[in-house]
Amino acid sequence: MIRRLKYCSGLSFIEILFTISILGIIMISIAPLLINTNKINRKSESIYNATLLAQGYMENIKASDCVTVGQTVNTFEDIQIKIDVIEVDKYNTDFYKIIIEIFQGDEPLERLEGYKIITQ
């Protein structure tokens, strides 16, 4: 029994340290990549949410019967929504240009432009 244990092969302490050090080097080299990927995901999610918000405002304006000409600014937490409605005098009908801009702090996230025609 003692003779069997004496000749058993297994991992030595040096092999384990060597393996852990290689795994550590690999993890250190991958960590910045994971951090940058996380930042890009958060930025992409903010832009996606801003796009949905701008499209929602645009659909509400287009679905309404009346239009308020001028600039409106709405603030929700750290997001600022600027809605600018301009009457276009080029045509004989009620023709409006709508510009919706979404900002987070001072950084623009989304700008959406559209038109609305009111026929009577």
# chains A, B, ... in the order shown; residues from 1 in each chain; ligands from 1
call {"tool": "residues_around", "arguments": {"residues": "segment 87-100 of chain A", "least_positions_apart": "2", "cutoff": "12 Å", "atoms": "only C-alpha atoms", "output": "number ranges by chain"}}
result
A: 50-62, 65-74, 80-85, 102-103, 108-120
call {"tool": "write_last_selection", "arguments": {"atoms": "C-alpha atoms", "output": "PDB file, in the first residue's frame"}}
result
ATOM      1  CA  ALA A  50     -33.642  57.725 -26.918  1.00  0.00           C
ATOM      2  CA  THR A  51     -34.714  56.557 -30.373  1.00  0.00           C
ATOM      3  CA  LEU A  52     -37.824  54.887 -28.967  1.00  0.00           C
ATOM      4  CA  LEU A  53     -38.648  58.017 -26.960  1.00  0.00           C
ATOM      5  CA  ALA A  54     -38.218  60.300 -29.978  1.00  0.00           C
ATOM      6  CA  GLN A  55     -40.335  58.023 -32.168  1.00  0.00           C
ATOM      7  CA  GLY A  56     -43.060  57.990 -29.527  1.00  0.00           C
ATOM      8  CA  TYR A  57     -43.149  61.792 -29.383  1.00  0.00           C
ATOM      9  CA  MET A  58     -43.166  61.981 -33.192  1.00  0.00           C
ATOM     10  CA  GLU A  59     -46.082  59.550 -33.457  1.00  0.00           C
ATOM     11  CA  ASN A  60     -48.058  61.498 -30.829  1.00  0.00           C
ATOM     12  CA  ILE A  61     -47.530  64.757 -32.704  1.00  0.00           C
ATOM     13  CA  LYS A  62     -48.471  63.214 -36.057  1.00  0.00           C
ATOM     14  CA  ASP A  65     -55.367  67.041 -34.690  1.00  0.00           C
ATOM     15  CA  CYS A  66     -53.674  70.285 -33.732  1.00  0.00           C
ATOM     16  CA  VAL A  67     -50.043  71.388 -33.701  1.00  0.00           C
ATOM     17  CA  THR A  68     -48.388  73.920 -31.415  1.00  0.00           C
ATOM     18  CA  VAL A  69     -45.753  75.871 -33.321  1.00  0.00           C
ATOM     19  CA  GLY A  70     -42.586  76.675 -31.377  1.00  0.00           C
ATOM     20  CA  GLN A  71     -40.063  74.953 -29.196  1.00  0.00           C
ATOM     21  CA  THR A  72     -40.945  72.766 -26.211  1.00  0.00           C
ATOM     22  CA  VAL A  73     -38.407  71.400 -23.742  1.00  0.00           C
ATOM     23  CA  ASN A  74     -39.246  68.463 -21.482  1.00  0.00           C
ATOM     24  CA  GLN A  80     -33.735  66.536 -22.000  1.00  0.00           C
ATOM     25  CA  ILE A  81     -36.219  66.387 -24.885  1.00  0.00           C
ATOM     26  CA  LYS A  82     -36.415  69.345 -27.267  1.00  0.00           C
ATOM     27  CA  ILE A  83     -39.364  69.440 -29.647  1.00  0.00           C
ATOM     28  CA  ASP A  84     -39.281  72.124 -32.311  1.00  0.00           C
ATOM     29  CA  VAL A  85     -42.287  72.573 -34.607  1.00  0.00           C
ATOM     30  CA  ILE A 102     -32.863  63.927 -27.140  1.00  0.00           C
ATOM     31  CA  PHE A 103     -29.930  64.894 -24.898  1.00  0.00           C
ATOM     32  CA  PRO A 108     -26.899  64.491 -28.001  1.00  0.00           C
ATOM     33  CA  LEU A 109     -28.299  60.970 -28.223  1.00  0.00           C
ATOM     34  CA  GLU A 110     -30.877  61.207 -30.996  1.00  0.00           C
ATOM     35  CA  ARG A 111     -32.227  63.682 -33.547  1.00  0.00           C
ATOM     36  CA  LEU A 112     -35.395  62.872 -35.436  1.00  0.00           C
ATOM     37  CA  GLU A 113     -36.994  64.999 -38.154  1.00  0.00           C
ATOM     38  CA  GLY A 114     -40.390  64.602 -39.717  1.00  0.00           C
ATOM     39  CA  TYR A 115     -43.253  66.450 -41.355  1.00  0.00           C
ATOM     40  CA  LYS A 116     -46.940  66.801 -40.697  1.00  0.00           C
ATOM     41  CA  ILE A 117     -49.606  67.970 -43.100  1.00  0.00           C
ATOM     42  CA  ILE A 118     -53.018  68.979 -41.834  1.00  0.00           C
ATOM     43  CA  THR A 119     -55.674  68.876 -44.504  1.00  0.00           C
ATOM     44  CA  GLN A 120     -59.104  70.351 -43.968  1.00  0.00           C
TER      45      GLN A 120
END
call {"tool": "select_by_dssp", "arguments": {"residues": "chain A", "states": "strand (DSSP E)", "output": "ChimeraX atom specification"}}
result
/A:70-76,79-88,94-104,107-118
call {"tool": "select_by_dssp", "arguments": {"residues": "chain A", "states": "helix (DSSP H, G or I)", "output": "MDAnalysis selection string"}}
result
chainID A and resid 2:6 13:63
call {"tool": "atom_distance", "arguments": {"atom1": "atom CA of Leu33 of chain A", "atom2": "atom CA of Ile20 of chain A"}}
result
20.5 Å
call {"tool": "atom_distance", "arguments": {"atom1": "atom CA of Ile47 of chain A", "atom2": "atom CA of Asp78 of chain A"}}
result
13.9 Å
